[in-house]
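K.L.:
File structure-v9.cif below, mmCIF, C-alpha atoms:
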data_model
loop_
_atom_site.label_atom_id
_atom_site.label_comp_id
_atom_site.auth_asym_id
_atom_site.auth_seq_id
_atom_site.Cartn_x
_atom_site.Cartn_y
_atom_site.Cartn_z
CA MET V 1 8.65 4.15 -20.68
CA ILE V 2 5.55 6.05 -19.54
CA PRO V 3 4.96 9.19 -21.65
CA PRO V 4 4.36 12.50 -19.81
CA GLY V 5 0.78 12.91 -18.64
CA MET V 6 -0.10 9.24 -19.13
CA ASN V 7 -1.56 7.07 -16.39
CA PRO V 8 0.66 4.04 -15.58
CA ALA V 9 -2.49 2.06 -14.82
CA ASN V 10 -3.75 2.08 -18.40
CA CYS V 11 -1.06 3.28 -20.84
CA ASP V 12 0.45 0.90 -23.40
CA LEU V 13 3.76 0.52 -25.23
CA ASN V 14 3.85 2.18 -28.63
CA THR V 15 6.05 1.12 -31.54
CA GLY V 16 8.77 3.66 -30.77
CA GLN V 17 9.00 2.59 -27.14
CA LEU V 18 9.17 -1.06 -28.13
CA GLN V 19 12.06 -0.38 -30.50
CA LYS V 20 13.99 1.49 -27.80
CA LEU V 21 13.34 -1.38 -25.43
CA TYR V 22 14.57 -3.97 -27.93
CA ASP V 23 17.75 -1.94 -28.42
CA SER V 24 18.46 -1.81 -24.67
CA ASP V 25 20.90 -3.87 -22.61
CA ILE V 26 19.29 -3.10 -19.23
CA CYS V 27 15.78 -2.21 -18.08
CA PHE V 28 15.26 -0.76 -14.62
CA THR V 29 11.75 -1.37 -13.30
CA ILE V 30 9.73 -0.45 -10.23
CA GLY V 31 8.19 -3.91 -10.25
CA TYR V 32 4.59 -3.24 -9.28
CA LEU V 33 3.29 -0.57 -11.65
CA PRO V 34 0.21 -1.85 -13.55
CA PHE V 35 1.92 -0.75 -16.77
CA GLU V 36 4.84 -3.03 -16.00
CA GLN V 37 2.75 -6.00 -15.00
CA THR V 38 0.43 -5.79 -18.00
CA HIS V 39 2.65 -4.56 -20.83
CA LEU V 40 6.34 -4.35 -19.97
CA TYR V 41 7.14 -7.67 -18.31
CA PRO V 42 5.48 -9.82 -21.01
CA VAL V 43 7.75 -8.14 -23.57
CA LEU V 44 10.85 -8.49 -21.39
CA GLU V 45 10.21 -12.19 -20.91
CA ARG V 46 10.72 -12.63 -24.66
CA GLN V 47 13.84 -10.45 -24.79
CA LYS V 48 16.36 -12.55 -22.90
CA HIS V 49 19.26 -10.25 -23.82
CA ILE V 50 17.84 -7.44 -21.66
CA GLU V 51 18.96 -7.49 -18.01
CA VAL V 52 15.98 -6.59 -15.78
CA ILE V 53 16.69 -4.77 -12.51
CA ASN V 54 13.70 -4.55 -10.17
CA HIS V 55 14.15 -1.60 -7.79
CA SER V 56 11.61 -3.00 -5.33
CA GLU V 57 13.79 -5.98 -4.47
CA GLY V 58 15.41 -5.48 -1.08
CA LEU V 59 13.15 -2.56 -0.08
CA LYS V 60 10.53 -2.61 2.65
CA LEU V 61 7.36 -2.52 0.60
CA LEU V 62 4.18 -0.94 1.92
CA HIS V 63 0.55 -1.68 1.26
CA GLY V 64 -1.27 1.01 -0.71
CA CYS V 65 -4.14 2.05 1.54
CA CYS V 66 -5.95 5.12 2.82
CA HIS V 67 -3.53 5.69 5.68
CA HIS V 68 0.19 5.12 5.55
CA SER V 69 1.17 1.65 6.64
CA HIS V 70 4.32 0.02 7.95
CA GLU V 71 3.25 -3.50 7.04
CA GLU V 72 5.26 -5.44 4.51
CA HIS V 73 3.36 -7.37 1.89
CA GLN V 74 4.84 -9.96 -0.41
CA HIS V 75 1.96 -10.50 -2.81
CA THR V 76 -1.01 -8.23 -3.55
CA GLY V 77 -1.73 -4.63 -2.70
CA ILE V 78 1.85 -3.39 -2.93
CA ASP V 79 2.14 0.37 -3.30
CA PRO V 80 4.58 0.90 -6.20
CA HIS V 81 5.52 4.55 -5.54
CA ILE V 82 8.84 3.71 -3.90
CA TRP V 83 10.79 6.53 -5.58
CA LEU V 84 8.92 9.24 -3.66
CA SER V 85 10.82 8.30 -0.50
CA PRO V 86 14.24 10.01 -0.38
CA ALA V 87 15.62 6.99 1.51
CA ASN V 88 14.41 4.65 -1.23
CA ALA V 89 15.62 7.01 -3.95
CA ARG V 90 19.10 6.81 -2.47
CA LYS V 91 19.08 3.02 -2.64
CA MET V 92 17.74 3.14 -6.20
CA ALA V 93 20.57 5.48 -7.23
CA MET V 94 23.12 3.09 -5.76
CA THR V 95 21.54 0.16 -7.60
CA ILE V 96 21.70 2.02 -10.91
CA TYR V 97 25.35 2.95 -10.35
CA GLU V 98 26.40 -0.58 -9.40
CA THR V 99 24.55 -2.08 -12.37
CA LEU V 100 25.98 0.36 -14.91
CA ALA V 101 29.52 0.21 -13.50
CA LYS V 102 29.47 -3.57 -13.75
CA ARG V 103 28.08 -3.60 -17.30
CA TYR V 104 30.21 -0.71 -18.62
CA PRO V 105 33.39 -0.62 -16.48
CA GLU V 106 35.16 1.70 -18.92
CA GLN V 107 32.70 4.45 -17.88
CA GLN V 108 32.83 3.83 -14.12
CA THR V 109 34.49 7.18 -13.38
CA THR V 110 31.67 9.05 -15.10
CA PHE V 111 29.04 6.96 -13.31
CA GLN V 112 30.75 7.59 -9.95
CA LYS V 113 30.78 11.37 -10.48
CA ASN V 114 27.14 11.39 -11.53
CA LEU V 115 26.20 9.23 -8.53
CA GLU V 116 27.91 11.62 -6.12
CA ASN V 117 26.03 14.58 -7.61
CA LEU V 118 22.72 12.71 -7.44
CA LEU V 119 23.24 11.55 -3.85
CA THR V 120 23.99 15.15 -2.86
CA ASP V 121 20.65 16.22 -4.32
CA ILE V 122 18.80 13.37 -2.61
CA ASP V 123 20.44 14.05 0.76
CA ASN V 124 19.58 17.75 0.49
CA ILE V 125 15.95 16.84 -0.17
CA ALA V 126 15.93 14.54 2.87
CA LYS V 127 17.39 17.30 5.06
CA GLN V 128 14.74 19.75 3.85
CA ALA V 129 11.99 17.28 4.69
CA GLU V 130 13.43 16.48 8.11
CA GLU V 131 13.59 20.19 8.91
CA VAL V 132 9.96 20.77 7.89
CA PHE V 133 8.57 17.77 9.76
CA LYS V 134 10.87 17.76 12.83
CA ASN V 135 8.38 19.60 15.04
CA ASN V 136 6.13 16.51 15.07
CA ARG V 137 3.10 18.62 14.22
CA GLN V 138 0.48 16.34 12.77
CA HIS V 139 0.30 16.69 9.00
CA ILE V 140 -2.82 15.16 7.44
CA PHE V 141 -3.83 15.46 3.81
CA LEU V 142 -6.26 14.07 1.27
CA ILE V 143 -4.99 12.73 -2.03
CA TYR V 144 -6.97 11.39 -4.96
CA HIS V 145 -4.69 8.42 -5.67
CA PRO V 146 -2.54 7.39 -2.66
CA ALA V 147 0.86 7.92 -4.28
CA LEU V 148 2.59 9.39 -1.21
CA THR V 149 2.50 6.28 0.96
CA TYR V 150 6.31 5.98 1.24
CA PHE V 151 6.84 9.71 1.68
CA ALA V 152 4.17 9.74 4.40
CA ALA V 153 5.76 6.74 6.13
CA ASP V 154 9.20 8.39 6.11
CA TYR V 155 7.98 11.52 7.89
CA ALA V 156 5.02 10.28 9.98
CA LEU V 157 2.36 11.98 7.86
CA GLU V 158 -1.22 10.80 7.47
CA GLN V 159 -2.43 10.21 3.91
CA ILE V 160 -6.15 9.71 3.24
CA SER V 161 -7.14 8.46 -0.20
CA ILE V 162 -10.16 9.74 -2.10
CA GLU V 163 -10.01 6.67 -4.29
CA ASP V 164 -11.74 3.61 -2.83
CA GLU V 165 -9.37 0.62 -3.13
CA GLY V 166 -8.07 1.95 -6.43
CA LYS V 167 -11.51 2.66 -7.85
CA GLU V 168 -13.62 5.76 -8.46
CA PRO V 169 -15.27 6.68 -5.14
CA ASN V 170 -19.03 6.17 -4.87
CA PRO V 171 -21.26 8.70 -3.04
CA GLU V 172 -21.08 6.72 0.21
CA HIS V 173 -17.29 6.73 0.16
CA LEU V 174 -17.18 10.44 -0.71
CA LYS V 175 -19.42 11.23 2.27
CA LYS V 176 -17.13 9.19 4.52
CA ILE V 177 -14.08 11.11 3.27
CA ILE V 178 -15.84 14.44 3.76
CA ASP V 179 -16.82 13.49 7.33
CA ILE V 180 -13.24 12.46 8.14
CA ALA V 181 -11.85 15.65 6.62
CA LYS V 182 -14.21 17.81 8.66
CA GLU V 183 -13.42 15.90 11.85
CA LYS V 184 -9.66 16.18 11.33
CA LYS V 185 -9.88 19.74 9.96
CA ILE V 186 -8.10 18.83 6.72
CA ASN V 187 -7.78 21.66 4.23
CA LEU V 188 -5.31 20.21 1.73
CA ILE V 189 -6.08 17.95 -1.23
CA PHE V 190 -3.44 16.67 -3.64
CA ILE V 191 -4.39 15.41 -7.07
CA GLN V 192 -2.19 13.97 -9.78
CA ASN V 193 -2.48 15.36 -13.28
CA GLN V 194 -3.29 11.87 -14.61
CA PHE V 195 -6.67 11.81 -12.82
CA ASP V 196 -10.04 13.53 -13.13
CA VAL V 197 -10.36 16.43 -10.70
CA THR V 198 -14.18 16.31 -10.38
CA ASN V 199 -14.43 14.33 -7.14
CA ALA V 200 -11.61 16.30 -5.53
CA GLU V 201 -13.42 19.54 -6.40
CA SER V 202 -16.62 18.21 -4.86
CA ILE V 203 -14.86 17.43 -1.60
CA ALA V 204 -12.95 20.72 -1.62
CA ARG V 205 -16.21 22.66 -1.78
CA GLU V 206 -17.61 20.75 1.19
CA ILE V 207 -14.59 21.20 3.45
CA ASN V 208 -13.26 24.51 2.11
CA ALA V 209 -9.97 22.93 1.08
CA GLN V 210 -7.27 23.87 -1.39
CA ILE V 211 -6.58 21.52 -4.31
CA ILE V 212 -2.92 21.32 -5.26
CA PRO V 213 -1.76 19.40 -8.36
CA ILE V 214 1.28 17.15 -8.02
CA ASN V 215 3.09 14.92 -10.49
CA PRO V 216 4.65 11.83 -8.88
CA LEU V 217 5.84 10.76 -12.35
CA ALA V 218 7.71 14.01 -13.02
CA GLU V 219 11.02 13.53 -14.81
CA ASN V 220 12.64 16.13 -12.53
CA TRP V 221 12.41 14.24 -9.21
CA LYS V 222 14.31 16.89 -7.23
CA GLU V 223 12.09 19.73 -8.38
CA GLU V 224 8.88 17.80 -7.65
CA LEU V 225 10.00 16.79 -4.13
CA GLU V 226 11.11 20.34 -3.34
CA LYS V 227 7.70 21.57 -4.45
CA LEU V 228 5.96 19.01 -2.27
CA ILE V 229 8.03 19.81 0.81
CA GLY V 230 7.49 23.51 0.21
CA ILE V 231 3.73 23.03 0.26
CA PHE V 232 3.91 21.53 3.75
CA SER V 233 6.41 24.11 5.02
CA ASN V 234 4.02 26.94 4.13
CA ARG V 235 1.07 25.51 6.06
#
Translate the structure of the given file into structure tokens.
P.N.:
Amino acid sequence: MIPPGMNPANCDLNTGQLQKLYDSDICFTIGYLPFEQTHLYPVLERQKHIEVINHSEGLKLLHGCCHHSHEEHQHTGIDPHIWLSPANARKMAMTIYETLAKRYPEQQTTFQKNLENLLTDIDNIAKQAEEVFKNNRQHIFLIYHPALTYFAADYALEQISIEDEGKEPNPEHLKKIIDIAKEKKINLIFIQNQFDVTNAESIAREINAQIIPINPLAENWKEELEKLIGIFSNR
């Protein structure tokens, strides 16, 4: 429902998307994306024929903050990027299979085969990550928008956000980030292609760091996770 390159914090539903939504039987949601809260759920509330499956239900949800957190929050501050954890992705795949098999039992065999193929891909990604991070070497990185909270929690990484509580960083916050980066000898900055690179470039110059673009919303989940793991394995 979010077009390529669009920011889920401020994109809207266009006419074509609305028509596809109206024609749907099921809508799988993350549950906490600003796009969903502002635009998608109000529409779904009026379309009672659409079954809504919230992938966040039943998962341990983390607070979106500068460092990865293991605290569970039931109300505000939930980090929505659950799909970037291979463990969560596995549960999401199972939820999709169970929902589709129940709704369309005549296609269960096809769904089962596709699930097995997908779980193989997810398990291979998890094995790659475990191999890269098994040495317990401390991996610390900066990221403009803290989208890797669940990935960081899975593999004991330290994520430091350039954003300040979801907002553009002011000069004071930028100085604080630069000081932390110098102290911890951080030389890696991730930035999503939905965000302005200016502040990341400013920090990179100060700490002599490399800026690497990532796309947490990439349609090809396997390819994006392999790319991410590869970045860490080469450092």
K.L.:
Let me know the residues the PyMOL selection byres ((chain V and resi 119-126) around 8) catches in the file above, as a list in words.
P.N.:
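What the PyMOL selection byres ((chain V and resi 119-126) around 8) grabs from the file is Pro86, Ala87, Ala89, Arg90, Ala93, Leu115, Glu116, Asn117, Leu118, Lys127, Gln128, Ala129, Glu130, Lys222, Leu225 and Glu226 of chain V.
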K.L.:
For a quick check of your reading of the model, name the residues lying within 9 Å of the coordinate (-4.2, 21.0, 3.8), counting only C-alpha atoms, and write them as a list in words.
P.N.:
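Applying the cut-off with only C-alpha atoms, one gets His139, Ile140, Phe141, Leu142, Lys185, Ile186, Asn187, Leu188, Ile189, Phe190, Ala209, Gln210, Ile211, Ile231, Phe232 and Arg235 of chain V.
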K.L.:
Closest to Gly77 of chain V among V:Tyr41, V:Phe111, V:Tyr104, V:Tyr32, using only C-alpha atoms?
P.N.:
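Counting only C-alpha atoms, the residue closest to Gly77 of chain V is V:Tyr32.
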K.L.:
Rank nothing, just name the residue among V:Gly166, V:Gly16, V:Pro42, V:Pro3 nearest to Ile78 of chain V, using only C-alpha atoms.
P.N.:
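Smallest separation from Ile78 of chain V among the options: V:Gly166.
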K.L.:
Report, as lines of an AutoDock Vina configuration file, the axis-aligned box around all atoms of segment 13-31 of chain V present in the file, extended by 8 Å on each side; give centre and edge lengths in Å to one decimal place.
P.N.:
center_x = 12.3
center_y = -0.2
center_z = -20.9
size_x = 33.1
size_y = 23.6
size_z = 37.3
K.L.:
With distances taken over all atoms listed in the file, which of V:Ile2, V:Leu84, V:Lys48, V:Ala204 is nearest to Glu224 of chain V?
P.N.:
V:Leu84
K.L.:
Quick one: everything within 12 Å of Phe151 of chain V, counting only C-alpha atoms, minus sequence neighbours fewer than 3 positions away in the same chain. Send it as a VMD selection string.
P.N.:
chain V and resid 62 67 to 70 79 81 to 89 125 to 126 129 to 130 133 146 to 148 154 to 159 216 225 228 to 229
K.L.:
Okay, now the selection with C-alpha atoms, as a PDB file, keeping the file's coordinate frame?
P.N.:
ATOM      1  CA  LEU V  62       4.180  -0.940   1.920  1.00  0.00           C
ATOM      2  CA  HIS V  67      -3.530   5.690   5.680  1.00  0.00           C
ATOM      3  CA  HIS V  68       0.190   5.120   5.550  1.00  0.00           C
ATOM      4  CA  SER V  69       1.170   1.650   6.640  1.00  0.00           C
ATOM      5  CA  HIS V  70       4.320   0.020   7.950  1.00  0.00           C
ATOM      6  CA  ASP V  79       2.140   0.370  -3.300  1.00  0.00           C
ATOM      7  CA  HIS V  81       5.520   4.550  -5.540  1.00  0.00           C
ATOM      8  CA  ILE V  82       8.840   3.710  -3.900  1.00  0.00           C
ATOM      9  CA  TRP V  83      10.790   6.530  -5.580  1.00  0.00           C
ATOM     10  CA  LEU V  84       8.920   9.240  -3.660  1.00  0.00           C
ATOM     11  CA  SER V  85      10.820   8.300  -0.500  1.00  0.00           C
ATOM     12  CA  PRO V  86      14.240  10.010  -0.380  1.00  0.00           C
ATOM     13  CA  ALA V  87      15.620   6.990   1.510  1.00  0.00           C
ATOM     14  CA  ASN V  88      14.410   4.650  -1.230  1.00  0.00           C
ATOM     15  CA  ALA V  89      15.620   7.010  -3.950  1.00  0.00           C
ATOM     16  CA  ILE V 125      15.950  16.840  -0.170  1.00  0.00           C
ATOM     17  CA  ALA V 126      15.930  14.540   2.870  1.00  0.00           C
ATOM     18  CA  ALA V 129      11.990  17.280   4.690  1.00  0.00           C
ATOM     19  CA  GLU V 130      13.430  16.480   8.110  1.00  0.00           C
ATOM     20  CA  PHE V 133       8.570  17.770   9.760  1.00  0.00           C
ATOM     21  CA  PRO V 146      -2.540   7.390  -2.660  1.00  0.00           C
ATOM     22  CA  ALA V 147       0.860   7.920  -4.280  1.00  0.00           C
ATOM     23  CA  LEU V 148       2.590   9.390  -1.210  1.00  0.00           C
ATOM     24  CA  ASP V 154       9.200   8.390   6.110  1.00  0.00           C
ATOM     25  CA  TYR V 155       7.980  11.520   7.890  1.00  0.00           C
ATOM     26  CA  ALA V 156       5.020  10.280   9.980  1.00  0.00           C
ATOM     27  CA  LEU V 157       2.360  11.980   7.860  1.00  0.00           C
ATOM     28  CA  GLU V 158      -1.220  10.800   7.470  1.00  0.00           C
ATOM     29  CA  GLN V 159      -2.430  10.210   3.910  1.00  0.00           C
ATOM     30  CA  PRO V 216       4.650  11.830  -8.880  1.00  0.00           C
ATOM     31  CA  LEU V 225      10.000  16.790  -4.130  1.00  0.00           C
ATOM     32  CA  LEU V 228       5.960  19.010  -2.270  1.00  0.00           C
ATOM     33  CA  ILE V 229       8.030  19.810   0.810  1.00  0.00           C
TER      34      ILE V 229
END
K.L.:
Would you kindly return, as a list in words, each protein, DNA or RNA residue with an atom no farther than 12 Å from any atom of Arg46 of chain V, considering all atoms listed in the file and excluding same-chain residues fewer than 5 positions away?
P.N.:
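Contacts, with the query itself left out: Leu21, Tyr22, Leu40, Tyr41, Glu51 and Val52 of chain V.
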K.L.:
Written as a list of chain:residue names, what is the full residue list that the PyMOL selection byres ((chain V and resi 194) around 10) yields on the file shown?
P.N.:
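Selected by the PyMOL selection byres ((chain V and resi 194) around 10) in this file: V:Pro4, V:Gly5, V:Met6, V:Asn7, V:Pro8, V:Ala9, V:His145, V:Ile191, V:Gln192, V:Asn193, V:Phe195, V:Asp196, V:Val197, V:Pro213, V:Ile214, V:Asn215, V:Pro216, V:Leu217.
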K.L.:
Any chance you could work out the residue set of the PyMOL selection byres ((chain V and resi 12) around 9) here, as an NGL selection string?
P.N.:
:V and (2 or 8 or 10-11 or 13-14 or 35 or 38-40)
K.L.:
Using only C-alpha atoms, please write the residues we just selected to a file, as an mmCIF file, keeping the file's coordinate frame.
P.N.:
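That gives us result_7.cif:
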data_model
loop_
_atom_site.group_PDB
_atom_site.id
_atom_site.type_symbol
_atom_site.label_atom_id
_atom_site.label_comp_id
_atom_site.auth_asym_id
_atom_site.auth_seq_id
_atom_site.Cartn_x
_atom_site.Cartn_y
_atom_site.Cartn_z
ATOM 1 C CA ILE V 2 5.550 6.050 -19.540
ATOM 2 C CA PRO V 8 0.660 4.040 -15.580
ATOM 3 C CA ASN V 10 -3.750 2.080 -18.400
ATOM 4 C CA CYS V 11 -1.060 3.280 -20.840
ATOM 5 C CA LEU V 13 3.760 0.520 -25.230
ATOM 6 C CA ASN V 14 3.850 2.180 -28.630
ATOM 7 C CA PHE V 35 1.920 -0.750 -16.770
ATOM 8 C CA THR V 38 0.430 -5.790 -18.000
ATOM 9 C CA HIS V 39 2.650 -4.560 -20.830
ATOM 10 C CA LEU V 40 6.340 -4.350 -19.970
#
K.L.:
To one decimal place, how far is atom CA of Lys102 of chain V from atom CA of Ile53 of chain V in Å?
P.N.:
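Atom CA of Ile53 of chain V lies 12.9 Å from atom CA of Lys102 of chain V.
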K.L.:
For the atom pair atom CA of Phe28 of chain V and atom CA of Leu44 of chain V, what is the interatomic distance in Å to one decimal place?
P.N.:
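Computing the Euclidean distance for atom CA of Phe28 of chain V and atom CA of Leu44 of chain V yields 11.2 Å.
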K.L.:
Please identify all polymer residues lying at most 12 Å from the point (19.8, -7.7, -6.8) (file coordinates), using all atoms listed in the file, and present the result as a ChimeraX atom specification.
P.N.:
/V:28,51-59,91-92,94-96,98-99
K.L.:
Figure out the distance between atom CA of Glu131 of chain V and atom CA of Ser233 of chain V, please, to one decimal in Å.
P.N.:
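Computing it gives 9.1 Å between the two atoms.
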K.L.:
When distances are computed from only C-alpha atoms, which of V:Cys27, V:Leu61, V:Ala152, V:Ile160 shows the smallest separation from Ile177 of chain V?
P.N.:
V:Ile160
K.L.:
With distances taken over all atoms listed in the file, which residue among V:Thr198, V:Ser161, V:Asn114, V:Gln17 lies nearest Ile180 of chain V?
P.N.:
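Of all the options, V:Ser161 lies closest to Ile180 of chain V.
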K.L.:
Let me make sure I understand: among V:Ala181, V:Gln19, V:Asn234, V:Glu165, which one has the smallest atom-to-atom distance to Asn208 of chain V if we use all atoms listed in the file?
P.N.:
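Going through V:Ala181, V:Gln19, V:Asn234, V:Glu165 one by one, the smallest distance to Asn208 of chain V is for V:Ala181.
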K.L.:
Restore all heavy atoms in segment 110-120 of chain V and list the result as a short mmCIF file (atom, residue, chain, number, x, y, z; two decimals), in the frame of the given file.
P.N.:
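So result03.cif came out as:
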data_model
loop_
_atom_site.label_atom_id
_atom_site.label_comp_id
_atom_site.auth_asym_id
_atom_site.auth_seq_id
_atom_site.Cartn_x
_atom_site.Cartn_y
_atom_site.Cartn_z
N THR V 110 32.81 8.16 -14.80
CA THR V 110 31.67 9.05 -15.10
C THR V 110 30.47 8.69 -14.24
O THR V 110 29.79 9.57 -13.68
CB THR V 110 31.29 8.95 -16.59
OG1 THR V 110 32.40 9.36 -17.38
CG2 THR V 110 30.08 9.84 -16.90
N PHE V 111 30.18 7.40 -14.13
CA PHE V 111 29.04 6.96 -13.31
C PHE V 111 29.24 7.37 -11.85
O PHE V 111 28.29 7.80 -11.18
CB PHE V 111 28.88 5.45 -13.40
CG PHE V 111 28.55 4.93 -14.77
CD1 PHE V 111 29.04 3.70 -15.19
CD2 PHE V 111 27.75 5.66 -15.64
CE1 PHE V 111 28.73 3.20 -16.46
CE2 PHE V 111 27.44 5.18 -16.91
CZ PHE V 111 27.94 3.95 -17.32
N GLN V 112 30.46 7.24 -11.35
CA GLN V 112 30.75 7.59 -9.95
C GLN V 112 30.50 9.08 -9.70
O GLN V 112 29.89 9.45 -8.69
CB GLN V 112 32.21 7.24 -9.64
CG GLN V 112 32.64 7.59 -8.21
CD GLN V 112 32.01 6.71 -7.17
OE1 GLN V 112 31.92 5.50 -7.36
NE2 GLN V 112 31.55 7.30 -6.07
N LYS V 113 30.98 9.92 -10.62
CA LYS V 113 30.78 11.37 -10.48
C LYS V 113 29.30 11.72 -10.51
O LYS V 113 28.82 12.52 -9.68
CB LYS V 113 31.51 12.11 -11.61
CG LYS V 113 31.40 13.62 -11.53
CD LYS V 113 32.17 14.29 -12.66
CE LYS V 113 32.02 15.80 -12.59
NZ LYS V 113 32.75 16.48 -13.70
N ASN V 114 28.56 11.11 -11.44
CA ASN V 114 27.14 11.39 -11.53
C ASN V 114 26.40 10.90 -10.28
O ASN V 114 25.46 11.55 -9.80
CB ASN V 114 26.55 10.71 -12.77
CG ASN V 114 27.02 11.35 -14.06
OD1 ASN V 114 27.50 12.49 -14.05
ND2 ASN V 114 26.91 10.63 -15.16
N LEU V 115 26.82 9.75 -9.75
CA LEU V 115 26.20 9.23 -8.53
C LEU V 115 26.41 10.20 -7.36
O LEU V 115 25.47 10.49 -6.61
CB LEU V 115 26.79 7.87 -8.18
CG LEU V 115 26.35 7.28 -6.82
CD1 LEU V 115 24.87 6.93 -6.85
CD2 LEU V 115 27.18 6.07 -6.45
N GLU V 116 27.62 10.69 -7.23
CA GLU V 116 27.91 11.62 -6.12
C GLU V 116 27.04 12.87 -6.21
O GLU V 116 26.52 13.35 -5.20
CB GLU V 116 29.40 11.98 -6.14
CG GLU V 116 30.30 10.82 -5.76
CD GLU V 116 31.77 11.11 -5.99
OE1 GLU V 116 32.09 12.22 -6.50
OE2 GLU V 116 32.61 10.23 -5.69
N ASN V 117 26.87 13.39 -7.43
CA ASN V 117 26.03 14.58 -7.61
C ASN V 117 24.57 14.27 -7.27
O ASN V 117 23.88 15.07 -6.62
CB ASN V 117 26.12 15.07 -9.05
CG ASN V 117 27.48 15.66 -9.38
OD1 ASN V 117 28.20 16.10 -8.49
ND2 ASN V 117 27.85 15.66 -10.65
N LEU V 118 24.10 13.09 -7.70
CA LEU V 118 22.72 12.71 -7.44
C LEU V 118 22.48 12.48 -5.95
O LEU V 118 21.46 12.92 -5.39
CB LEU V 118 22.36 11.45 -8.24
CG LEU V 118 20.94 10.90 -8.05
CD1 LEU V 118 19.89 11.96 -8.36
CD2 LEU V 118 20.74 9.67 -8.92
N LEU V 119 23.40 11.80 -5.29
CA LEU V 119 23.24 11.55 -3.85
C LEU V 119 23.24 12.86 -3.06
O LEU V 119 22.53 12.97 -2.05
CB LEU V 119 24.35 10.63 -3.35
CG LEU V 119 24.32 9.18 -3.85
CD1 LEU V 119 25.45 8.37 -3.22
CD2 LEU V 119 22.97 8.53 -3.55
N THR V 120 24.01 13.83 -3.51
CA THR V 120 23.99 15.15 -2.86
C THR V 120 22.61 15.77 -2.95
O THR V 120 22.07 16.30 -1.97
CB THR V 120 25.03 16.08 -3.50
OG1 THR V 120 26.34 15.55 -3.28
CG2 THR V 120 24.96 17.48 -2.89
#
